[in-house]
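K.L.:
One structure coming up, written as structure tokens, with questions to follow.
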Amino acid sequence: MDNEEAIDRPETQPIDWLASVSGDVHFWVPALVLIGGLLLLRWVS
Amino acid sequence: MGQLSSPAEASGAPRPALLAPERVRALQRVGVLCGIAAGAWLGAAEVPTKLVTTGLSPVLISFAMVAGVFLGRWSLPAMVRGTSGIRADIVEAPHLVIWAIIAGCLWSVANTLTIFAIRDLGLSVAFPLWNTNGIIGILWGVLFFRELHHAGWRRWGAVCGGALVIFLGGMLLARASSSQIASHVALRGIAAALGAGVLWGTMYIPYRKAYLSGMNPLSFVSFFTIGELGMMTALAVAYMGGFHNLYRQLTAAEDVLFWLLAAGFVWVIGDIFQQYAVKYIGVSRGIPISNSNQLWGLVWGAVAFGEFRGWQHGAIAGAIWGSVLMAAGLAAISFSVADNSEYLKWAEAAEREHRRYGIDIEFVRSGMQGRSTNPPQRRTWLDWVLVAAATGAFVWTGARAHWPSIALDGTAALVLLGLCLALLVACAATLWKVTRFN
């Protein structure tokens with residue numbers, strides 16, 4: 001899970017933060033849980 | 001994982017600095033106090049959800065609460081920090097806008113699920129089920145943010161044992177309550193409550209990420225609420241058959257709208273304290289402590305709404321034992337203070353955020369230490385417009401409000417409100433003294 005830790009970015013290099021977010025494993029956990037939650041809501045309502 | 005042992009060297013950044021032990025202890029005390037205050041205010045915010053028994057649509061209740069939350073999440077930060085301060089924080093870490101919005105979406109879906117769970121199971125049974133979010137939060141805290149790393153078996157035992165005892169106490173409370181209510185426990189309701197627990201537990205990933213990045217909680221919640229209101233509006237429109245129907249039902253519920261907006265506002269106060277608790281003691285300690293909201297919910301139900309009347313002695317004893325267990329779990333977690341070696345692990349997790357997103361290392365470190373790199377900003381006309389708009393919305397709906405046909409012991413409610421206010425003042429004063437609301 002922590003392979004992305006190895007990414008090294010010097011402080012001076014500008015960050016494409018959209019790409020950084022989508023490449024962050026931490027982002028996909030909440031995103032997938034949100035999709036699951038919406039499906040669950042559809043079932044219970 | 002080998003890279004993790006020395007992230008600072010890998011980026012060329014200086015090693016995480018050791019904080020003075022007194023400062024670590026002061027921040028931990030602030031975090032624990034914020035967790036306790038969050039429990040009181042989040043518990044009080046659950047009271048208006050009793051309106052679900054008056055026949056209002058669960059989606060409408062959730063939408064109105066989120067509208068109140070939106071008003072609170074822009075007006076309170078505008079008053080305390082100012083929109084200029086919020087802007088300055090976001091410029092330092094713009095990627096957190098996406099994290100805040102996804103956290104807001106998770107909150108809205110979870111909140112709607114809880115309303116369905118209350119409808120199917122009743123508040124007392126549904127509450128401990130969605131409070132499993134604390135256990136999910138600990139899991140993510142340990143897996144992603146190095147919480148409890150180098151904590152030693154005693155702290156591990158205190159935090160995990162405390163969370164387990166709180167959960168068991170919650171189940172005991174639920175059993176005591178459910179034995180008195182002729183409710184039919186539907187699979188759908190249990191799934192909705194547990195699902196809400198998973199969503200809320202996962203929502204703490206963006207929270208922790210923001211605070212490891214040095215973000216001010218007051219700035220984070222302002223963007224969080226955009227995701228919240230956006231997602232909730234989409235859900236309300238989809239489930240209620242379009243904007244027109246949503247508007248029609250909102251105007252039909254005009255006389256209780258104020259109470260739902262107020263519930264959202266009260267929730268915001270509890271949530272802001274919860275955000276500070278997560279910032280200063282982490283997810284694994286902050287969330288179980290703030291989950292004492294269940295205890296406060298029970299006290300409100302028992303004392304203000306007289307829900308204990310007619311209960312058998314065995315059920316009352318179960319409720320008391322459940323409460324004692326929850327209090328013991330809270331005490332265990334509250335006293336398991338993170339030391340400097342555990343704090344260094346948090347600092348390493350913060351280094352990851354600095355490297356991945358290119359956030360200024362000083363912003364990250366000073367934020368974690370409860371200090372700000374941005375000087376205090378003056379209030380602008382926009383701040384006062386936001387405060388005036390929120391006040392106007394409450395005055396307008398308050399003028400049309402009627403108390404729904406629910407029996408309430410006014411004296412008991414005033415005493416409980418007084419306790420909540422005392423905690424609010426104590427917590428705000430300590431936060432100001434130690435962190436200046438950073």
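So you can find residues: chains in the structure tokens are A, B, ... in the order shown, residues in each start at 1, and ligands are numbered from 1 in order.
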Would you list the contacts of Pro94 in chain B as a PyMOL selection string, taking every protein, DNA or RNA residue within 10 Å and counting only C-alpha atoms, but skipping same-chain residues closer than 4 positions in sequence?
P.N.:
(chain A and resi 17-18) or (chain B and resi 87+89-90+98-99+357+359)
K.L.:
Would you list the contacts of Ser45 in chain A as a VMD selection string, taking every protein, DNA or RNA residue within 10 Å and counting only C-alpha atoms, but skipping same-chain residues closer than 5 positions in sequence?
P.N.:
(chain A and resid 40) or (chain B and resid 58 to 59 112 to 113 116 188 192 239)
K.L.:
When you count only C-alpha atoms, which of these residues is closest to chain A: B:Val30, B:Leu199, B:Ile136, B:Leu56?
P.N.:
B:Leu199
K.L.:
I'd like to know which of B:Ala317, B:Ala44, B:Leu194, B:Leu295 is closest to Gly37 in chain A, using only C-alpha atoms.
P.N.:
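Ranked by minimum distance to Gly37 in chain A, first place goes to B:Leu194.
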K.L.:
With a cut-off of 8 Å, could you pull out the residues of range 24-44 of chain A touching range 202-211 of chain B and give me the nearest pair of atoms for each, distance in Å to one decimal, using only C-alpha atoms, ordered by chain and ascending number, as CSV?
P.N.:
residue,atom,partner,partner_atom,distance
A:His26,CA,B:Ile205,CA,7.3
A:Val29,CA,B:Thr202,CA,7.7
A:Pro30,CA,B:Thr202,CA,5.9
A:Val33,CA,B:Thr202,CA,7.4
K.L.:
Give the answer as one residue: which of B:Thr233, B:Leu417, B:Ala110, B:Val434 has the shortest atom-to-atom distance to Tyr247 in chain B, using only C-alpha atoms?
P.N.:
B:Thr233
K.L.:
With only C-alpha atoms as the atoms that count, which of B:Asp255, B:Phe265, B:Leu421, B:Asp339 lies nearest to Ala401 in chain B?
P.N.:
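Ranked by minimum distance to Ala401 in chain B, first place goes to B:Asp255.
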K.L.:
Using CA of Ala234 in chain B and CA of Ser290 in chain B as the two end points, give the distance in Å to one decimal.
P.N.:
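Pair CA of Ala234 in chain B / CA of Ser290 in chain B returns 29.1 Å.
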K.L.:
Could you tell me which of B:Arg81, B:His95, B:His402, B:Lys433 comes closest to chain A if we count only C-alpha atoms?
P.N.:
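Once distances to chain A are computed over only C-alpha atoms, the minimum belongs to B:His95.
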K.L.:
To one decimal place in Å, what is the distance between CA of Gly227 in chain B and CA of Ile102 in chain B?
P.N.:
6.2 Å
K.L.:
Extract, using only C-alpha atoms, all DNA, RNA and protein residues at most 10 Å from Pro376 in chain B, discarding same-chain residues fewer than 2 positions from it, and format them as number ranges by chain.
P.N.:
B: 81-82, 84-85, 372-374, 378-379, 436
K.L.:
Could you tell me how far CA of His354 in chain B lies from CA of Phe27 in chain A, in Å and to one decimal?
P.N.:
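Atom-to-atom, CA of His354 in chain B to CA of Phe27 in chain A, that is 15.9 Å.
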K.L.:
Just the residues within 12 Å of Leu143 in chain B, please, counting only C-alpha atoms, with nothing from its chain fewer than 5 positions along; format it as number ranges by chain.
P.N.:
A: 1-2, 25-26, 29; B: 136-138, 148-149, 205, 283-284, 349
